[in-house]
file data.txt (compact mmCIF, C-alpha atoms and all ligand atoms)
# COMPACT_ATOMS: atom_id res chain seq x y z
CA MET P 153 -21.05 11.21 -12.11
CA ARG P 154 -18.25 10.54 -14.53
CA SER P 155 -16.23 7.36 -13.82
CA ILE P 156 -12.60 7.90 -12.91
CA VAL P 157 -11.59 4.63 -14.62
CA GLN P 158 -13.40 2.90 -17.44
CA PHE P 159 -12.21 -0.23 -19.28
CA SER P 160 -14.18 -1.28 -22.36
CA ALA P 161 -13.42 -4.72 -23.84
CA VAL P 162 -9.76 -4.46 -22.88
CA SER P 163 -7.36 -7.20 -23.91
CA ARG P 164 -3.60 -7.17 -23.52
CA LEU P 165 -1.18 -9.64 -25.07
CA TYR P 166 2.51 -10.09 -24.29
CA GLY P 167 3.68 -11.74 -27.50
CA SER P 168 1.19 -14.56 -27.87
CA ARG P 169 0.44 -14.73 -24.13
CA ARG P 170 -2.90 -13.21 -23.19
CA ALA P 171 -2.49 -11.35 -19.89
CA LEU P 172 -5.93 -9.68 -19.93
CA GLU P 173 -8.97 -10.72 -21.90
CA ASN P 174 -12.02 -8.64 -22.66
CA VAL P 175 -12.11 -6.73 -19.37
CA ASP P 176 -14.92 -4.24 -18.72
CA LEU P 177 -14.91 -2.26 -15.50
CA THR P 178 -15.60 1.15 -14.03
CA LEU P 179 -14.36 2.81 -10.87
CA GLU P 180 -16.17 5.81 -9.47
CA PRO P 181 -14.64 8.85 -7.74
CA GLY P 182 -13.86 8.18 -4.09
CA GLU P 183 -14.40 4.42 -4.42
CA LEU P 184 -11.98 2.00 -2.73
CA ALA P 185 -11.75 -1.36 -4.49
CA PHE P 186 -9.49 -4.38 -4.20
CA LEU P 187 -8.09 -6.27 -7.15
CA VAL P 188 -7.44 -9.90 -6.30
CA GLY P 189 -6.63 -13.15 -8.04
CA PRO P 190 -3.92 -15.79 -8.32
CA SER P 191 -0.38 -14.97 -9.31
CA GLY P 192 -0.22 -14.28 -13.04
CA ALA P 193 -3.93 -13.38 -13.25
CA GLY P 194 -3.22 -9.94 -14.72
CA LYS P 195 -3.45 -7.58 -11.75
CA THR P 196 -0.20 -5.72 -12.42
CA THR P 197 -1.01 -5.61 -16.12
CA LEU P 198 -4.37 -3.95 -15.36
CA LEU P 199 -2.72 -1.34 -13.12
CA LYS P 200 -0.03 -0.63 -15.74
CA LEU P 201 -2.76 0.05 -18.30
CA ILE P 202 -4.30 2.64 -15.98
CA ASN P 203 -0.96 4.40 -15.60
CA ARG P 204 -0.27 4.15 -19.34
CA GLU P 205 2.93 2.22 -18.66
CA ILE P 206 1.58 -0.10 -21.32
CA ARG P 207 -1.22 0.14 -23.85
CA PRO P 208 -3.97 -2.40 -24.51
CA SER P 209 -3.78 -4.69 -27.53
CA SER P 210 -7.46 -3.88 -28.06
CA GLY P 211 -10.23 -2.04 -26.25
CA GLU P 212 -10.38 1.33 -24.53
CA VAL P 213 -8.91 2.53 -21.23
CA TRP P 214 -10.28 5.86 -19.97
CA VAL P 215 -8.63 7.40 -16.90
CA ALA P 216 -9.65 10.76 -15.43
CA GLY P 217 -11.00 11.82 -18.80
CA PHE P 218 -7.88 10.74 -20.72
CA ALA P 219 -8.01 8.10 -23.45
CA ALA P 220 -5.04 6.15 -22.07
CA HIS P 221 -5.29 3.56 -24.85
CA GLN P 222 -4.27 6.10 -27.46
CA LEU P 223 -2.52 8.75 -25.40
CA LYS P 224 0.53 10.32 -27.04
CA LYS P 225 3.85 10.09 -25.19
CA SER P 226 3.90 13.87 -24.86
CA ARG P 227 0.67 13.81 -22.81
CA VAL P 228 1.48 10.87 -20.56
CA ALA P 229 2.85 13.20 -17.85
CA GLN P 230 -0.53 14.96 -17.68
CA LEU P 231 -2.23 11.63 -17.05
CA ARG P 232 0.37 10.58 -14.46
CA ARG P 233 -0.25 13.72 -12.44
CA ARG P 234 -3.77 12.45 -11.90
CA VAL P 235 -2.73 8.96 -10.87
CA GLY P 236 -0.77 8.38 -7.66
CA VAL P 237 1.12 5.07 -7.60
CA VAL P 238 2.28 2.94 -4.66
CA PHE P 239 4.48 -0.14 -5.14
CA GLN P 240 5.31 -3.16 -2.99
CA ASP P 241 8.94 -2.07 -2.56
CA TYR P 242 8.21 1.64 -1.81
CA LYS P 243 10.64 2.92 -4.48
CA LEU P 244 11.91 5.84 -2.41
CA LEU P 245 15.04 7.66 -3.51
CA PRO P 246 17.68 6.53 -0.99
CA ARG P 247 19.66 9.78 -0.78
CA LEU P 248 16.63 12.04 -0.29
CA ASN P 249 14.95 12.46 3.09
CA ALA P 250 11.26 11.77 3.65
CA MET P 251 10.19 15.34 2.91
CA GLU P 252 12.25 15.48 -0.30
CA ASN P 253 10.89 12.12 -1.43
CA VAL P 254 7.34 13.39 -0.97
CA ALA P 255 8.15 16.65 -2.77
CA PHE P 256 9.18 14.49 -5.71
CA GLY P 257 5.50 13.66 -6.10
CA LEU P 258 4.89 17.29 -7.00
CA GLN P 259 7.39 17.29 -9.84
CA VAL P 260 5.38 15.15 -12.20
CA GLY P 261 3.31 16.43 -15.04
CA ASP P 262 2.19 19.97 -15.60
CA LEU P 263 2.08 21.10 -11.98
CA ARG P 264 4.05 24.30 -11.39
CA ILE P 265 4.63 25.32 -7.77
CA SER P 266 7.35 27.12 -5.83
CA GLU P 267 9.93 25.36 -3.67
CA ASP P 268 8.38 26.82 -0.51
CA GLU P 269 4.94 25.60 -1.43
CA ALA P 270 6.32 22.18 -2.34
CA ARG P 271 7.92 21.99 1.10
CA ASP P 272 4.74 23.03 2.90
CA ARG P 273 2.57 20.61 0.97
CA SER P 274 5.05 17.77 1.49
CA LEU P 275 5.16 18.38 5.23
CA ASP P 276 1.35 18.44 5.32
CA ALA P 277 1.24 15.11 3.46
CA LEU P 278 3.78 13.58 5.87
CA GLU P 279 1.69 14.85 8.76
CA ALA P 280 -1.38 13.21 7.24
CA VAL P 281 0.32 9.80 7.14
CA GLY P 282 1.55 10.18 10.73
CA LEU P 283 5.17 10.99 9.97
CA GLY P 284 5.26 14.71 10.63
CA ASP P 285 8.17 14.23 13.01
CA ARG P 286 10.32 12.17 10.61
CA ALA P 287 10.52 14.60 7.68
CA GLY P 288 14.32 14.72 7.85
CA ALA P 289 14.87 10.97 8.03
CA LEU P 290 16.48 9.08 5.15
CA PRO P 291 14.67 5.95 3.92
CA HIS P 292 17.18 3.60 5.55
CA GLN P 293 16.46 5.24 8.90
CA LEU P 294 12.77 4.32 8.63
CA SER P 295 10.97 1.01 9.13
CA GLY P 296 9.31 -0.71 6.16
CA GLY P 297 5.89 0.49 7.27
CA GLN P 298 7.17 4.05 7.67
CA GLN P 299 8.82 3.94 4.24
CA GLN P 300 5.53 2.83 2.75
CA ARG P 301 3.79 5.75 4.50
CA VAL P 302 6.26 8.11 2.86
CA ALA P 303 5.50 6.47 -0.48
CA VAL P 304 1.76 6.94 0.11
CA ALA P 305 2.34 10.61 1.01
CA ARG P 306 4.33 11.03 -2.23
CA ALA P 307 1.53 9.38 -4.22
CA VAL P 308 -1.19 11.70 -2.89
CA VAL P 309 0.66 14.99 -2.32
CA ALA P 310 -0.50 16.31 -5.71
CA GLN P 311 -4.09 15.38 -4.69
CA PRO P 312 -4.74 13.04 -7.61
CA PRO P 313 -8.29 11.83 -8.22
CA LEU P 314 -6.99 8.25 -8.39
CA LEU P 315 -4.49 6.16 -6.44
CA ILE P 316 -3.35 2.73 -7.61
CA ALA P 317 -1.32 0.39 -5.43
CA ASP P 318 0.33 -2.88 -6.47
CA GLU P 319 0.75 -5.24 -3.49
CA PRO P 320 1.42 -2.28 -1.18
CA THR P 321 1.52 -4.48 1.94
CA GLY P 322 3.40 -7.40 0.39
CA ASN P 323 6.55 -6.68 2.42
CA LEU P 324 4.79 -5.75 5.67
CA ASP P 325 3.52 -7.72 8.66
CA LEU P 326 -0.23 -7.81 9.19
CA GLU P 327 -0.38 -5.10 11.84
CA THR P 328 1.68 -2.69 9.74
CA ALA P 329 -0.38 -3.62 6.69
CA TRP P 330 -3.55 -2.60 8.55
CA GLY P 331 -2.04 0.83 9.13
CA ILE P 332 -1.45 1.27 5.41
CA MET P 333 -4.97 0.07 4.57
CA ASP P 334 -6.37 2.57 7.10
CA LEU P 335 -4.56 5.29 5.18
CA PHE P 336 -6.14 4.12 1.93
CA GLU P 337 -9.57 4.27 3.56
CA ASP P 338 -8.85 7.86 4.68
CA ILE P 339 -7.67 8.78 1.19
CA ALA P 340 -10.85 7.35 -0.36
CA ALA P 341 -12.92 9.23 2.21
CA TRP P 342 -11.24 12.45 1.04
CA GLY P 343 -12.54 11.72 -2.47
CA THR P 344 -9.66 9.97 -4.21
CA ALA P 345 -10.57 6.65 -5.86
CA VAL P 346 -8.24 3.88 -4.68
CA LEU P 347 -7.55 0.58 -6.47
CA VAL P 348 -5.38 -1.89 -4.55
CA ALA P 349 -4.00 -5.15 -5.97
CA THR P 350 -3.39 -7.48 -3.05
CA HIS P 351 -3.01 -11.08 -1.91
CA ASN P 352 -3.94 -10.16 1.64
CA VAL P 353 -7.14 -12.17 2.13
CA GLU P 354 -7.62 -11.25 5.76
CA ILE P 355 -7.67 -7.53 5.03
CA VAL P 356 -9.88 -7.88 1.95
CA THR P 357 -12.39 -10.03 3.80
CA ARG P 358 -12.54 -7.81 6.87
CA LEU P 359 -12.81 -4.45 5.10
CA GLN P 360 -15.89 -5.45 3.06
CA ARG P 361 -15.10 -3.13 0.16
CA ARG P 362 -15.70 -3.82 -3.52
CA VAL P 363 -13.61 -6.74 -4.77
CA LEU P 364 -12.65 -7.33 -8.41
CA THR P 365 -11.37 -10.85 -9.09
CA LEU P 366 -9.15 -11.70 -12.04
CA VAL P 367 -8.43 -15.28 -13.08
CA ASP P 368 -6.35 -16.01 -16.18
CA GLY P 369 -6.77 -12.46 -17.42
CA ARG P 370 -10.55 -12.44 -17.11
CA LEU P 371 -12.56 -10.39 -14.67
CA VAL P 372 -14.58 -13.28 -13.27
CA ARG P 373 -16.23 -11.52 -10.33
CA ASP P 374 -17.11 -7.98 -9.24
CA GLN P 375 -18.45 -8.06 -5.67
CA PRO P 376 -19.98 -4.82 -4.40
CA ALA P 377 -18.93 -3.42 -1.02
CA GLY P 378 -20.45 -5.29 1.89
CA GLN P 379 -20.77 -8.57 0.00
CA THR P 380 -17.26 -9.91 0.27
CA GLY P 381 -17.80 -13.57 0.99
CA ARG P 382 -15.38 -16.44 0.89
CA MET P 383 -12.40 -15.79 -1.37
CA ALA P 384 -12.78 -18.61 -3.85
CA TRP P 385 -9.60 -17.59 -5.69
CA LEU P 386 -7.65 -18.48 -2.57
CA ALA P 387 -7.72 -22.12 -3.56
CA THR P 388 -5.76 -21.36 -6.70
CA SER P 389 -3.39 -18.67 -5.44
N1 LIG P 401 6.60 -8.04 -19.69
C1 LIG P 401 6.00 -9.23 -19.84
N2 LIG P 401 6.34 -10.05 -20.86
C2 LIG P 401 5.71 -11.23 -21.03
N3 LIG P 401 4.73 -11.69 -20.25
C3 LIG P 401 4.35 -10.93 -19.22
C4 LIG P 401 4.97 -9.66 -18.96
N4 LIG P 401 4.38 -9.13 -17.85
C5 LIG P 401 3.45 -10.02 -17.46
N5 LIG P 401 3.44 -11.10 -18.27
C6 LIG P 401 2.53 -12.26 -18.16
O1 LIG P 401 1.20 -11.77 -18.13
C7 LIG P 401 0.41 -12.49 -17.17
C8 LIG P 401 -0.14 -11.53 -16.14
O2 LIG P 401 0.93 -11.01 -15.36
P1 LIG P 401 0.73 -9.96 -14.19
O3 LIG P 401 2.08 -9.51 -13.78
O4 LIG P 401 -0.23 -8.92 -14.65
O5 LIG P 401 0.05 -10.87 -13.07
P2 LIG P 401 -0.29 -10.53 -11.55
O6 LIG P 401 -1.73 -10.85 -11.35
O7 LIG P 401 0.16 -9.17 -11.22
O8 LIG P 401 0.57 -11.62 -10.74
P3 LIG P 401 1.28 -11.50 -9.28
O9 LIG P 401 0.20 -11.74 -8.27
O10 LIG P 401 2.26 -12.64 -9.30
O11 LIG P 401 1.93 -10.17 -9.19
C9 LIG P 401 1.34 -13.58 -16.61
O12 LIG P 401 1.13 -14.75 -17.35
C10 LIG P 401 2.71 -13.02 -16.86
O13 LIG P 401 3.66 -14.07 -17.02
MG MG P 402 1.55 -8.39 -9.91
call {"tool": "encode", "arguments": {"input": "data.txt", "output": "structure tokens", "more": "lines below"}}
Ligand SMILES: Nc1ncnc2c1ncn2[C@@H]1O[C@H](COP(=O)(O)OP(=O)(O)OP(=O)(O)O)[C@@H](O)[C@H]1O
Ligand SMILES: [Mg+2]
result
Amino acid sequence: MRSIVQFSAVSRLYGSRRALENVDLTLEPGELAFLVGPSGAGKTTLLKLINREIRPSSGEVWVAGFAAHQLKKSRVAQLRRRVGVVFQDYKLLPRLNAMENVAFGLQVGDLRISEDEARDRSLDALEAVGLGDRAGALPHQLSGGQQQRVAVARAVVAQPPLLIADEPTGNLDLETAWGIMDLFEDIAAWGTAVLVATHNVEIVTRLQRRVLTLVDGRLVRDQPAGQTGRMAWLATS
């Protein structure tokens, strides 16, 4: 099977600061993996490379068959359609209701669908994250956990093969965070690969999924699912 993400000898500098150094990794379709490590380790940088927000200083980044490391600006939208993104602070549009925010996820890239279909698919996605009855609510009328559910629905409504999430539970209490992680497990079970950067040790330890550990820009550990032991990086985070 073809990997959905492949990094080959990837380094990324910001000026003279090395944020990632010689990273090799692959992520397979439908795989759920956590990306952990102390603050400043390079987690956000790695996710931004996948989404072609930035390009590597050296090495190759392949995402869903696209050479993200050399992708032309004009083709970035095609890549983005295949990569759903979830952020810590939800990033919903405040004047659009939940359904309209989700429909926004269908407006990226080369997808062409009618308004009616966009509405139907958005309502289906809201249903799938347990918010079928709040489609008309504005973001400020929803709790943090509900807003993040809307953001997850927006990220997956176009059925991308890959979802990346940067500290998606960073603003949520543990119980609410579990609800979001359950959604990610469902999404992976449907066949979308999911890569989640997180500091939430309790969740990472309990879920026993694959764990990639970055320290000072280096991928120092890649623990397969079921072998998540003590989080050594905790001592330095
Ligand atoms: N735009 C930038 N300009 C300069 N340096 C940057 C920039 N973005 C990140 N860095 C540096 O690159 C390194 C990696 O940062 P990154 O944001 O990827 O870490 P992180 O693992 O996501 O940390 P956190 O857990 O705090 O979110 C850090 O040393 C950071 O200061
Ligand atoms: Mg970060």
call {"tool": "closest_residue", "arguments": {"input": "data.txt", "among": "P:Gly331, P:Pro320, P:Gly296, P:Pro208", "to": "Val175 (chain P)", "atoms": "only C-alpha atoms"}}
result
P:Pro208
call {"tool": "closest_residue", "arguments": {"input": "data.txt", "among": "P:Lys243, P:Arg271, P:Arg264, P:Arg361", "to": "Ala307 (chain P)", "atoms": "all atoms listed in the file"}}
result
P:Lys243
call {"tool": "closest_atom_pairs", "arguments": {"input": "data.txt", "of": "chain P", "to": "ligand LIG 401 (chain P)", "cutoff": "6 Å", "atoms": "only C-alpha atoms and all ligand atoms", "output": "Markdown table"}}
result
| residue | atom | partner | partner_atom | distance |
| --- | --- | --- | --- | --- |
| P:Tyr166 | CA | P:LIG401 | C2 | 4.7 |
| P:Ala171 | CA | P:LIG401 | O1 | 4.1 |
| P:Pro190 | CA | P:LIG401 | O9 | 5.8 |
| P:Ser191 | CA | P:LIG401 | O9 | 3.4 |
| P:Gly192 | CA | P:LIG401 | O5 | 3.4 |
| P:Ala193 | CA | P:LIG401 | O6 | 3.9 |
| P:Gly194 | CA | P:LIG401 | O4 | 3.2 |
| P:Lys195 | CA | P:LIG401 | O6 | 3.7 |
| P:Thr196 | CA | P:LIG401 | O7 | 3.7 |
| P:Thr197 | CA | P:LIG401 | O4 | 3.7 |
call {"tool": "write_last_selection", "arguments": {"input": "data.txt", "atoms": "C-alpha atoms", "output": "mmCIF file, in the frame of the given file"}}
result
data_model
loop_
_atom_site.group_PDB
_atom_site.id
_atom_site.type_symbol
_atom_site.label_atom_id
_atom_site.label_comp_id
_atom_site.auth_asym_id
_atom_site.auth_seq_id
_atom_site.Cartn_x
_atom_site.Cartn_y
_atom_site.Cartn_z
ATOM 1 C CA TYR P 166 2.510 -10.090 -24.290
ATOM 2 C CA ALA P 171 -2.490 -11.350 -19.890
ATOM 3 C CA PRO P 190 -3.920 -15.790 -8.320
ATOM 4 C CA SER P 191 -0.380 -14.970 -9.310
ATOM 5 C CA GLY P 192 -0.220 -14.280 -13.040
ATOM 6 C CA ALA P 193 -3.930 -13.380 -13.250
ATOM 7 C CA GLY P 194 -3.220 -9.940 -14.720
ATOM 8 C CA LYS P 195 -3.450 -7.580 -11.750
ATOM 9 C CA THR P 196 -0.200 -5.720 -12.420
ATOM 10 C CA THR P 197 -1.010 -5.610 -16.120
#
call {"tool": "closest_residue", "arguments": {"input": "data.txt", "among": "P:Gly189, P:Pro313, P:Gly236, P:Pro291", "to": "ligand MG 402 (chain P)", "atoms": "only C-alpha atoms and all ligand atoms"}}
result
P:Gly189
call {"tool": "residues_around", "arguments": {"input": "data.txt", "residues": "Pro312 (chain P)", "least_positions_apart": "4", "cutoff": "10 Å", "atoms": "only C-alpha atoms", "output": "JSON, numbers by chain"}}
result
{"P": [216, 231, 232, 233, 234, 235, 236, 237, 307, 308, 343, 344, 345]}
call {"tool": "write_last_selection", "arguments": {"input": "data.txt", "atoms": "C-alpha atoms", "output": "short mmCIF file (atom, residue, chain, number, x, y, z; two decimals), keeping the file's coordinate frame"}}
result
data_model
loop_
_atom_site.label_atom_id
_atom_site.label_comp_id
_atom_site.auth_asym_id
_atom_site.auth_seq_id
_atom_site.Cartn_x
_atom_site.Cartn_y
_atom_site.Cartn_z
CA ALA P 216 -9.65 10.76 -15.43
CA LEU P 231 -2.23 11.63 -17.05
CA ARG P 232 0.37 10.58 -14.46
CA ARG P 233 -0.25 13.72 -12.44
CA ARG P 234 -3.77 12.45 -11.90
CA VAL P 235 -2.73 8.96 -10.87
CA GLY P 236 -0.77 8.38 -7.66
CA VAL P 237 1.12 5.07 -7.60
CA ALA P 307 1.53 9.38 -4.22
CA VAL P 308 -1.19 11.70 -2.89
CA GLY P 343 -12.54 11.72 -2.47
CA THR P 344 -9.66 9.97 -4.21
CA ALA P 345 -10.57 6.65 -5.86
#
call {"tool": "atom_distance", "arguments": {"input": "data.txt", "atom1": "CA of Asn174 (chain P)", "atom2": "CA of Thr357 (chain P)"}}
result
26.5 Å
call {"tool": "atom_distance", "arguments": {"input": "data.txt", "atom1": "CA of Ala340 (chain P)", "atom2": "CA of Ser266 (chain P)"}}
result
27.4 Å
call {"tool": "closest_residue", "arguments": {"input": "data.txt", "among": "P:Ala229, P:Leu198, P:Ala270, P:Ala341", "to": "ligand MG 402 (chain P)", "atoms": "all atoms listed in the file"}}
result
P:Leu198
call {"tool": "closest_residue", "arguments": {"input": "data.txt", "among": "P:Leu187, P:Ile339, P:Val157, P:Leu294", "to": "Val356 (chain P)", "atoms": "only C-alpha atoms"}}
result
P:Leu187
call {"tool": "residues_around", "arguments": {"input": "data.txt", "residues": "Val348 (chain P)", "least_positions_apart": "4", "cutoff": "7 Å", "atoms": "only C-alpha atoms", "output": "list of chain:residue names"}}
result
P:Ala185, P:Phe186, P:Leu187, P:Ile316, P:Ala317, P:Asp318
call {"tool": "atom_distance", "arguments": {"input": "data.txt", "atom1": "CA of Trp342 (chain P)", "atom2": "CA of Ile156 (chain P)"}}
result
14.7 Å
call {"tool": "closest_residue", "arguments": {"input": "data.txt", "among": "P:Arg170, P:Lys200, P:Arg164, P:Arg286", "to": "ligand MG 402 (chain P)", "atoms": "only C-alpha atoms and all ligand atoms"}}
result
P:Lys200
call {"tool": "residues_around", "arguments": {"input": "data.txt", "residues": "Asp241 (chain P)", "least_positions_apart": "3", "cutoff": "10 Å", "atoms": "only C-alpha atoms", "output": "PyMOL selection string"}}
result
chain P and resi 238+244+296+299-300+303+318-324
call {"tool": "residues_near_point", "arguments": {"input": "data.txt", "point": "(2.3, 6.3, 11.7)", "cutoff": "8 Å", "atoms": "only C-alpha atoms", "output": "list in words"}}
result
Val281, Gly282, Leu283, Gln298, Arg301 and Gly331 of chain P
call {"tool": "residues_around", "arguments": {"input": "data.txt", "residues": "Ala219 (chain P)", "least_positions_apart": "5", "cutoff": "12 Å", "atoms": "all atoms listed in the file", "output": "PyMOL selection string"}}
result
chain P and resi 156-160+201-204+207-208+211-214+224+227-228+230-231
call {"tool": "decode", "arguments": {"input": "data.txt", "residues": "region 354-385 of chain P", "atoms": "N, CA and C atoms", "output": "compact mmCIF listing (two decimals), in the first residue's frame"}}
result
# COMPACT_ATOMS: atom_id res chain seq x y z
N GLU P 354 -2.01 11.65 29.24
CA GLU P 354 -2.98 10.66 29.70
C GLU P 354 -3.67 9.98 28.51
N ILE P 355 -4.09 10.81 27.56
CA ILE P 355 -4.77 10.26 26.38
C ILE P 355 -3.82 9.40 25.56
N VAL P 356 -2.62 9.90 25.33
CA VAL P 356 -1.65 9.16 24.50
C VAL P 356 -1.34 7.81 25.13
N THR P 357 -1.15 7.82 26.44
CA THR P 357 -0.80 6.57 27.13
C THR P 357 -1.95 5.57 27.09
N ARG P 358 -3.16 6.08 27.31
CA ARG P 358 -4.30 5.17 27.38
C ARG P 358 -4.70 4.60 26.01
N LEU P 359 -4.56 5.40 24.95
CA LEU P 359 -5.06 4.93 23.65
C LEU P 359 -4.17 3.89 22.99
N GLN P 360 -2.89 3.85 23.39
CA GLN P 360 -1.99 2.80 22.86
C GLN P 360 -1.94 2.78 21.33
N ARG P 361 -1.85 3.96 20.76
CA ARG P 361 -1.65 4.07 19.30
C ARG P 361 -0.17 4.33 19.04
N ARG P 362 0.19 4.41 17.77
CA ARG P 362 1.58 4.72 17.43
C ARG P 362 1.95 6.11 17.96
N VAL P 363 3.16 6.23 18.49
CA VAL P 363 3.61 7.51 19.03
C VAL P 363 4.97 7.89 18.43
N LEU P 364 5.00 9.04 17.78
CA LEU P 364 6.24 9.60 17.23
C LEU P 364 6.73 10.68 18.19
N THR P 365 7.97 10.57 18.63
CA THR P 365 8.50 11.54 19.59
C THR P 365 9.60 12.40 18.97
N LEU P 366 9.39 13.70 19.00
CA LEU P 366 10.39 14.65 18.54
C LEU P 366 11.08 15.29 19.75
N VAL P 367 12.38 15.42 19.68
CA VAL P 367 13.13 16.19 20.67
C VAL P 367 14.17 17.01 19.90
N ASP P 368 14.15 18.31 20.11
CA ASP P 368 15.10 19.20 19.42
C ASP P 368 15.14 18.95 17.92
N GLY P 369 13.96 18.76 17.33
CA GLY P 369 13.89 18.64 15.87
C GLY P 369 14.22 17.26 15.33
N ARG P 370 14.59 16.34 16.21
CA ARG P 370 14.91 14.98 15.75
C ARG P 370 13.82 14.01 16.17
N LEU P 371 13.51 13.09 15.26
CA LEU P 371 12.55 12.04 15.59
C LEU P 371 13.32 10.97 16.36
N VAL P 372 13.18 11.02 17.69
CA VAL P 372 14.03 10.16 18.52
C VAL P 372 13.38 8.81 18.82
N ARG P 373 12.06 8.71 18.61
CA ARG P 373 11.39 7.45 18.92
C ARG P 373 10.17 7.28 18.03
N ASP P 374 9.89 6.06 17.63
CA ASP P 374 8.70 5.75 16.84
C ASP P 374 8.13 4.45 17.40
N GLN P 375 7.20 4.61 18.38
CA GLN P 375 6.66 3.43 19.07
C GLN P 375 5.43 2.93 18.35
N PRO P 376 5.41 1.65 17.96
CA PRO P 376 4.23 1.11 17.28
C PRO P 376 3.03 1.06 18.22
N ALA P 377 1.84 0.98 17.65
CA ALA P 377 0.62 0.87 18.45
C ALA P 377 0.76 -0.29 19.42
N GLY P 378 0.22 -0.09 20.64
CA GLY P 378 0.24 -1.16 21.62
C GLY P 378 1.50 -1.21 22.46
N GLN P 379 2.47 -0.35 22.14
CA GLN P 379 3.73 -0.39 22.89
C GLN P 379 4.06 0.96 23.51
N THR P 380 3.01 1.73 23.81
CA THR P 380 3.23 3.04 24.38
C THR P 380 3.54 2.89 25.86
N GLY P 381 4.78 3.00 26.19
CA GLY P 381 5.18 2.86 27.59
C GLY P 381 5.22 4.21 28.27
N ARG P 382 6.13 4.35 29.21
CA ARG P 382 6.26 5.61 29.92
C ARG P 382 6.71 6.70 28.95
N MET P 383 6.14 7.89 29.11
CA MET P 383 6.47 9.00 28.23
C MET P 383 7.73 9.70 28.75
N ALA P 384 8.87 9.27 28.26
CA ALA P 384 10.12 9.82 28.76
C ALA P 384 10.24 11.32 28.52
N TRP P 385 9.64 11.78 27.42
CA TRP P 385 9.74 13.21 27.07
C TRP P 385 9.05 14.10 28.09
